[in-house]
Structure formats: structure tokens, C-alpha cells
Amino acid sequence: MKKEENKKDFTTKRLKTLRKKDLSVQGLLDGLLKGDKSALGQAITLIESTKVSHLKKSEELITRCLRYAGNSVRIGITGVPGVGKSTFIESFGSHLTKLGKKVAVLAVDPSSSFTKGSILGDKTRMESLAKNASAFIRPSPASDSLGGVTRKTRETIILCEAAGYETILIETVGVGQSETVVHSMVDFFLLLKLAGAGDELQGIKRGIMEMADAIVINKADGNNLKNVKLAQTEFSRALHLYPPKPNGWAPQVLSCSALENKGIEAIWNMILEFVKTTQQNSYFEKNRSEQNKNWFLQTVEQLLKQQFYQDSDTKQLLKKLLPEVELNKISPFAAANKLINARK
């Protein structure tokens, strides 16, 4: 119940802020181009809003931001809960800001399927980075979106790039069968792992390793160093089981201690090497173009689904069919066909 209340309070505060200042599209754009964090926060709130009155405004804003977007390195970071994603991102992000980079962190928090609530505590977990003038952290609830990201993550990336953020870090809710959508919106896909956690085989089975451009074994410190070296060897062998990646990049296995800030520089250098390689063989831009196409097709699917369920005739027939399905008077498949054919 508390989670649900927290989410409602969080959303209410965002909408109140949006209504309070209610900047025009041009006003928001001007603020973004100046790197104004407040304007960026308001712009993200606008595109996340489900209010019909905000849709046209958000579409116009995204369209006008496109010419200023694309000049960043988009990095997806995923791993099982407890692997230390937030600690790693704080250490990694802090390293980048020291190099003079502007870093945006889009942290997606899991939402309860029962209460729909979300804790949204990433700013608390990344306290040091949150206070950094060169960093921007935006926690958002996953809600009912699959893939470890929110439905508006792609649009948020565009806004952050327009605001001058050169490195976009996307932290997913965790690893699972459907946590791979982030791969379709980033340039580099980083998989965080733990040594000796017994998930080596599970990681291979899930297929996430096949998509990973690098595997980083976190918590390489203290008495865990021996386990880390063994894990590096195991994961390196596992990567050889997969065919060569179409981007011409050979995935690497590195280790780090986010807590002690060890191995962070090597990870960034590896990512720079990846960007250089994929830009030289033209895969970088080709991948971005393919992602835009997928973004378009997925948006079409979302809009069709939304329009379908908002139709008044569909709502009435759905209300009639649901009890019949519950009482086994009609099969779910037959009921679905009846619903769709009625719309035709």
C-alpha cells in the first residue's frame, strides 16, 4: 500500500510542477538547449504524462529535439538484483564527469504487479552522483512495461541528448526473459555479473550473454578476487560458444570493484574502443537507424492497442465476454476472435 501511495505522490508532484510552470514547447526546448535540469525534468514529465492534452505537445517537443539528438554514447546496464548496478553506475558516472563528460542516468525501478507502486529510490542510492552538477538522474517506474525499461525511455534519451548529455546510462530493473528490450535502444550493452553466485549457467541459458558487448564482474575485492578470476575464465569460454557478432566486435570480460573504484577506467576505455570500431565499420549508424525503425513499429503497436481498448463498442463487448470466459462458457481464444471480428 505504501508503494502505491509513494507512486501516486511522486506522479502528483511531477504533474503539479508541470502545471505550475507549464512552459510552452519553445520554452522547454530553450531550457533543454541551455542544459537546464529543471526544464529537462519538466520535459520528461510531459512525455510520461498519459493526459490527452499533453500528447500533441510532447510529440512536437520530441520532433523539434531530434535535430539536436544523437551525439551521445548510449550504454545499457543490466544484471541480477544485488549485483551492484547502482553502485557501479555511481562510480562509473563519477569517473566520466571527472573526464569532463555530462552524464544522464535513466534508472528504471520495478513496479508491483499488484499495487502498481514503485520505490523510485535510485537518487538515494546514488547520493554522490545525484549532487554532481554534470550528472542528471531520473528514476522512473517500469509500470507494466516489459523489457526492463519504461515505454518512454527512448523519448527520454532524445531529450537528454538535446540537453547536451554526452553519455546516457540506462539501468534496467534486472535480468530476466524479457529484460532485453534495452538492447534495442543502446549502442553498448553491458552485463554485470557476480563471481561465485551460481548464475553462470543461468546467464548462458537466458541468452543475454549473446547480446552483451561486455561482461563485467563486479565486487572484485577482498576475499572474492580468486572467485572473480575463475569467473572471468568461465565467462570468456562461454562467449566463444556464440557466433561472431554482426558489429565486428569481440565481447570482452572485465572485472571491477565499484565500491573501491577499481577497474572503472578500463571499462570506459573498452567502450571507447567499441565506439571507434563500430563507427569505422559503419555499424554504429546502421544500428541507430535500425533502432529507429523498431521504435516506430513498436509505437504503432502501442497506439493500436490503446485505441482498440478505448473504443466504446469494444469496452461493452469486453464487459460481456469476460464473465463468459470466467465461467468456461466460451474459450479465451474464441472470445478474443469474437472481440476482434466485432471491431472489424
# chains A, B, ... in the order shown; residues from 1 in each chain; ligands from 1
>>> residues_around(residues="Thr97 in chain A", least_positions_apart="4", cutoff="10 Å", atoms="only C-alpha atoms", output="PyMOL selection string")
chain A and resi 92-93+101-103+129+132-135+167
>>> residues_around(residues="Gly27 in chain A", least_positions_apart="2", cutoff="12 Å", atoms="only C-alpha atoms", output="MDAnalysis selection string")
chainID A and resid 21:25 29:34 36 38:40 42:43 57 61 64
>>> write_last_selection(atoms="N, CA, C and O atoms", output="JSON list (two decimals), in the first residue's frame")
[["chain", "number", "residue", "atom", "x", "y", "z"],
["A", 21, "LYS", "N", 4.46, 25.60, -13.88],
["A", 21, "LYS", "CA", 5.25, 26.41, -14.79],
["A", 21, "LYS", "C", 4.68, 26.32, -16.22],
["A", 21, "LYS", "O", 4.70, 27.28, -16.96],
["A", 22, "ASP", "N", 4.18, 25.15, -16.59],
["A", 22, "ASP", "CA", 3.50, 24.91, -17.86],
["A", 22, "ASP", "C", 4.18, 25.66, -19.01],
["A", 22, "ASP", "O", 3.56, 26.49, -19.69],
["A", 23, "LEU", "N", 5.45, 25.41, -19.20],
["A", 23, "LEU", "CA", 6.19, 26.08, -20.26],
["A", 23, "LEU", "C", 5.69, 25.64, -21.63],
["A", 23, "LEU", "O", 5.22, 24.52, -21.80],
["A", 24, "SER", "N", 5.82, 26.52, -22.60],
["A", 24, "SER", "CA", 5.48, 26.18, -23.97],
["A", 24, "SER", "C", 6.53, 25.22, -24.51],
["A", 24, "SER", "O", 7.59, 25.04, -23.90],
["A", 25, "VAL", "N", 6.25, 24.64, -25.67],
["A", 25, "VAL", "CA", 7.22, 23.76, -26.31],
["A", 25, "VAL", "C", 8.51, 24.53, -26.57],
["A", 25, "VAL", "O", 9.61, 24.01, -26.32],
["A", 29, "LEU", "N", 12.14, 23.72, -24.99],
["A", 29, "LEU", "CA", 13.26, 23.50, -25.90],
["A", 29, "LEU", "C", 14.42, 24.44, -25.57],
["A", 29, "LEU", "O", 15.58, 24.02, -25.52],
["A", 30, "ASP", "N", 14.10, 25.72, -25.35],
["A", 30, "ASP", "CA", 15.14, 26.69, -25.00],
["A", 30, "ASP", "C", 15.87, 26.27, -23.72],
["A", 30, "ASP", "O", 17.10, 26.36, -23.63],
["A", 31, "GLY", "N", 15.08, 25.79, -22.74],
["A", 31, "GLY", "CA", 15.68, 25.34, -21.48],
["A", 31, "GLY", "C", 16.57, 24.13, -21.67],
["A", 31, "GLY", "O", 17.67, 24.04, -21.10],
["A", 32, "LEU", "N", 16.13, 23.20, -22.52],
["A", 32, "LEU", "CA", 16.92, 21.99, -22.80],
["A", 32, "LEU", "C", 18.24, 22.34, -23.46],
["A", 32, "LEU", "O", 19.30, 21.84, -23.07],
["A", 33, "LEU", "N", 18.19, 23.21, -24.44],
["A", 33, "LEU", "CA", 19.40, 23.57, -25.18],
["A", 33, "LEU", "C", 20.40, 24.33, -24.31],
["A", 33, "LEU", "O", 21.59, 24.37, -24.62],
["A", 34, "LYS", "N", 19.90, 24.92, -23.22],
["A", 34, "LYS", "CA", 20.79, 25.59, -22.26],
["A", 34, "LYS", "C", 21.32, 24.62, -21.20],
["A", 34, "LYS", "O", 22.13, 24.99, -20.36],
["A", 36, "ASP", "N", 19.42, 23.20, -18.89],
["A", 36, "ASP", "CA", 18.66, 23.43, -17.66],
["A", 36, "ASP", "C", 18.04, 22.11, -17.16],
["A", 36, "ASP", "O", 17.18, 21.54, -17.82],
["A", 38, "SER", "N", 16.04, 21.61, -14.68],
["A", 38, "SER", "CA", 14.63, 21.78, -14.35],
["A", 38, "SER", "C", 13.76, 21.62, -15.60],
["A", 38, "SER", "O", 12.72, 20.96, -15.58],
["A", 39, "ALA", "N", 14.20, 22.23, -16.70],
["A", 39, "ALA", "CA", 13.47, 22.11, -17.97],
["A", 39, "ALA", "C", 13.48, 20.67, -18.46],
["A", 39, "ALA", "O", 12.48, 20.17, -18.98],
["A", 40, "LEU", "N", 14.61, 19.98, -18.27],
["A", 40, "LEU", "CA", 14.71, 18.58, -18.67],
["A", 40, "LEU", "C", 13.75, 17.72, -17.87],
["A", 40, "LEU", "O", 13.05, 16.86, -18.42],
["A", 42, "GLN", "N", 10.98, 18.70, -16.43],
["A", 42, "GLN", "CA", 9.62, 19.02, -16.86],
["A", 42, "GLN", "C", 9.29, 18.38, -18.21],
["A", 42, "GLN", "O", 8.18, 17.91, -18.43],
["A", 43, "ALA", "N", 10.27, 18.38, -19.10],
["A", 43, "ALA", "CA", 10.07, 17.79, -20.43],
["A", 43, "ALA", "C", 9.81, 16.29, -20.33],
["A", 43, "ALA", "O", 8.94, 15.74, -21.01],
["A", 57, "LYS", "N", 1.60, 18.06, -27.47],
["A", 57, "LYS", "CA", 2.70, 18.91, -27.04],
["A", 57, "LYS", "C", 4.00, 18.10, -26.92],
["A", 57, "LYS", "O", 5.07, 18.56, -27.34],
["A", 61, "LEU", "N", 7.51, 18.44, -29.11],
["A", 61, "LEU", "CA", 8.79, 18.66, -28.43],
["A", 61, "LEU", "C", 9.82, 17.65, -28.90],
["A", 61, "LEU", "O", 10.97, 18.01, -29.22],
["A", 64, "ARG", "N", 11.03, 18.39, -32.43],
["A", 64, "ARG", "CA", 11.93, 19.54, -32.50],
["A", 64, "ARG", "C", 13.28, 19.26, -31.85],
["A", 64, "ARG", "O", 14.28, 19.94, -32.14]]
>>> residues_around(residues="Ala195 in chain A", least_positions_apart="5", cutoff="12 Å", atoms="only C-alpha atoms", output="ChimeraX atom specification")
/A:83,200,215-221,223-235,254-257
>>> write_last_selection(atoms="N, CA and C atoms", output="tab-separated table (two decimals), in the first residue's frame")
chain	number	residue	atom	x	y	z
A	83	VAL	N	23.57	-7.29	-7.83
A	83	VAL	CA	24.88	-7.34	-8.48
A	83	VAL	C	25.63	-6.02	-8.29
A	200	GLU	N	26.18	-18.62	-13.49
A	200	GLU	CA	26.91	-18.69	-14.76
A	200	GLU	C	26.10	-19.43	-15.82
A	215	ILE	N	31.01	-8.27	-20.56
A	215	ILE	CA	30.58	-8.78	-19.26
A	215	ILE	C	31.55	-8.23	-18.23
A	216	VAL	N	31.01	-7.59	-17.22
A	216	VAL	CA	31.85	-7.02	-16.17
A	216	VAL	C	31.50	-7.71	-14.85
A	217	ILE	N	32.48	-8.32	-14.24
A	217	ILE	CA	32.26	-9.00	-12.96
A	217	ILE	C	32.55	-8.00	-11.85
A	218	ASN	N	31.50	-7.65	-11.13
A	218	ASN	CA	31.61	-6.64	-10.09
A	218	ASN	C	32.04	-7.27	-8.75
A	219	LYS	N	32.35	-6.42	-7.82
A	219	LYS	CA	32.75	-6.81	-6.46
A	219	LYS	C	34.04	-7.64	-6.46
A	220	ALA	N	34.98	-7.18	-7.33
A	220	ALA	CA	36.29	-7.83	-7.38
A	220	ALA	C	37.19	-7.21	-6.31
A	221	ASP	N	36.92	-7.59	-5.08
A	221	ASP	CA	37.70	-7.04	-3.96
A	221	ASP	C	37.72	-8.03	-2.80
A	223	ASN	N	38.21	-10.95	-0.29
A	223	ASN	CA	38.43	-12.39	-0.44
A	223	ASN	C	37.79	-12.95	-1.71
A	224	ASN	N	37.18	-12.08	-2.50
A	224	ASN	CA	36.46	-12.55	-3.69
A	224	ASN	C	37.31	-12.56	-4.95
A	225	LEU	N	38.56	-12.11	-4.86
A	225	LEU	CA	39.40	-11.97	-6.04
A	225	LEU	C	39.64	-13.29	-6.76
A	226	LYS	N	39.84	-14.36	-6.01
A	226	LYS	CA	40.08	-15.67	-6.62
A	226	LYS	C	38.85	-16.13	-7.40
A	227	ASN	N	37.67	-15.96	-6.80
A	227	ASN	CA	36.44	-16.34	-7.49
A	227	ASN	C	36.22	-15.52	-8.76
A	228	VAL	N	36.62	-14.25	-8.70
A	228	VAL	CA	36.47	-13.36	-9.86
A	228	VAL	C	37.31	-13.86	-11.03
A	229	LYS	N	38.56	-14.24	-10.75
A	229	LYS	CA	39.44	-14.73	-11.82
A	229	LYS	C	38.90	-16.00	-12.44
A	230	LEU	N	38.37	-16.88	-11.61
A	230	LEU	CA	37.77	-18.11	-12.13
A	230	LEU	C	36.54	-17.81	-12.99
A	231	ALA	N	35.74	-16.87	-12.52
A	231	ALA	CA	34.53	-16.49	-13.25
A	231	ALA	C	34.89	-15.87	-14.60
A	232	GLN	N	35.94	-15.05	-14.63
A	232	GLN	CA	36.37	-14.44	-15.88
A	232	GLN	C	36.72	-15.50	-16.91
A	233	THR	N	37.41	-16.51	-16.46
A	233	THR	CA	37.80	-17.61	-17.35
A	233	THR	C	36.56	-18.34	-17.87
A	234	GLU	N	35.61	-18.62	-16.98
A	234	GLU	CA	34.39	-19.34	-17.36
A	234	GLU	C	33.56	-18.55	-18.36
A	235	PHE	N	33.39	-17.27	-18.09
A	235	PHE	CA	32.58	-16.44	-18.98
A	235	PHE	C	33.27	-16.23	-20.32
A	254	LEU	N	35.63	-8.25	-18.29
A	254	LEU	CA	36.47	-7.48	-17.38
A	254	LEU	C	35.94	-7.62	-15.95
A	255	SER	N	36.71	-7.13	-15.02
A	255	SER	CA	36.27	-7.15	-13.61
A	255	SER	C	36.48	-5.76	-13.02
A	256	CYS	N	35.74	-5.49	-11.95
A	256	CYS	CA	35.90	-4.21	-11.29
A	256	CYS	C	35.40	-4.29	-9.85
A	257	SER	N	35.78	-3.28	-9.10
A	257	SER	CA	35.22	-3.10	-7.77
A	257	SER	C	34.63	-1.70	-7.75
>>> closest_residue(among="A:Leu28, A:Ile89, A:Ile158, A:Met126", to="Tyr68 in chain A", atoms="only C-alpha atoms")
A:Ile158
>>> atom_distance(atom1="CA of Ile77 in chain A", atom2="CA of Phe188 in chain A")
8.7 Å
>>> atom_distance(atom1="CA of Asp313 in chain A", atom2="CA of Lys329 in chain A")
21.2 Å
>>> select_by_dssp(residues="range 130-287 of chain A", states="strand (DSSP E)", output="list in words")
Ala135, Phe136, Ile137, Arg138, Pro139, Ser140, Pro141, Thr167, Ile168, Leu169, Ile170, Glu171, Phe188, Phe189, Leu190, Leu191, Leu192, Lys193, Ala214, Ile215, Val216, Ile217, Gln252, Val253, Leu254 and Ser255 of chain A
>>> closest_residue(among="A:Ser94, A:Asn247, A:Leu321, A:Ile157", to="Asn287 in chain A", atoms="only C-alpha atoms")
A:Asn247
>>> residues_around(residues="range 307-309 of chain A", least_positions_apart="6", cutoff="12 Å", atoms="only C-alpha atoms", output="list in words")
Val300, Glu301, Lys315, Gln316, Leu317, Leu318, Lys319, Leu339, Ile340, Ala342, Arg343 and Lys344 of chain A
>>> atom_distance(atom1="CA of Ile330 in chain A", atom2="CA of Gln310 in chain A")
23.4 Å
>>> residues_around(residues="Leu106 in chain A", least_positions_apart="2", cutoff="10 Å", atoms="only C-alpha atoms", output="PyMOL selection string")
chain A and resi 76+103-104+108-109+122+136-140+149-150+153+156-157+160+168-172
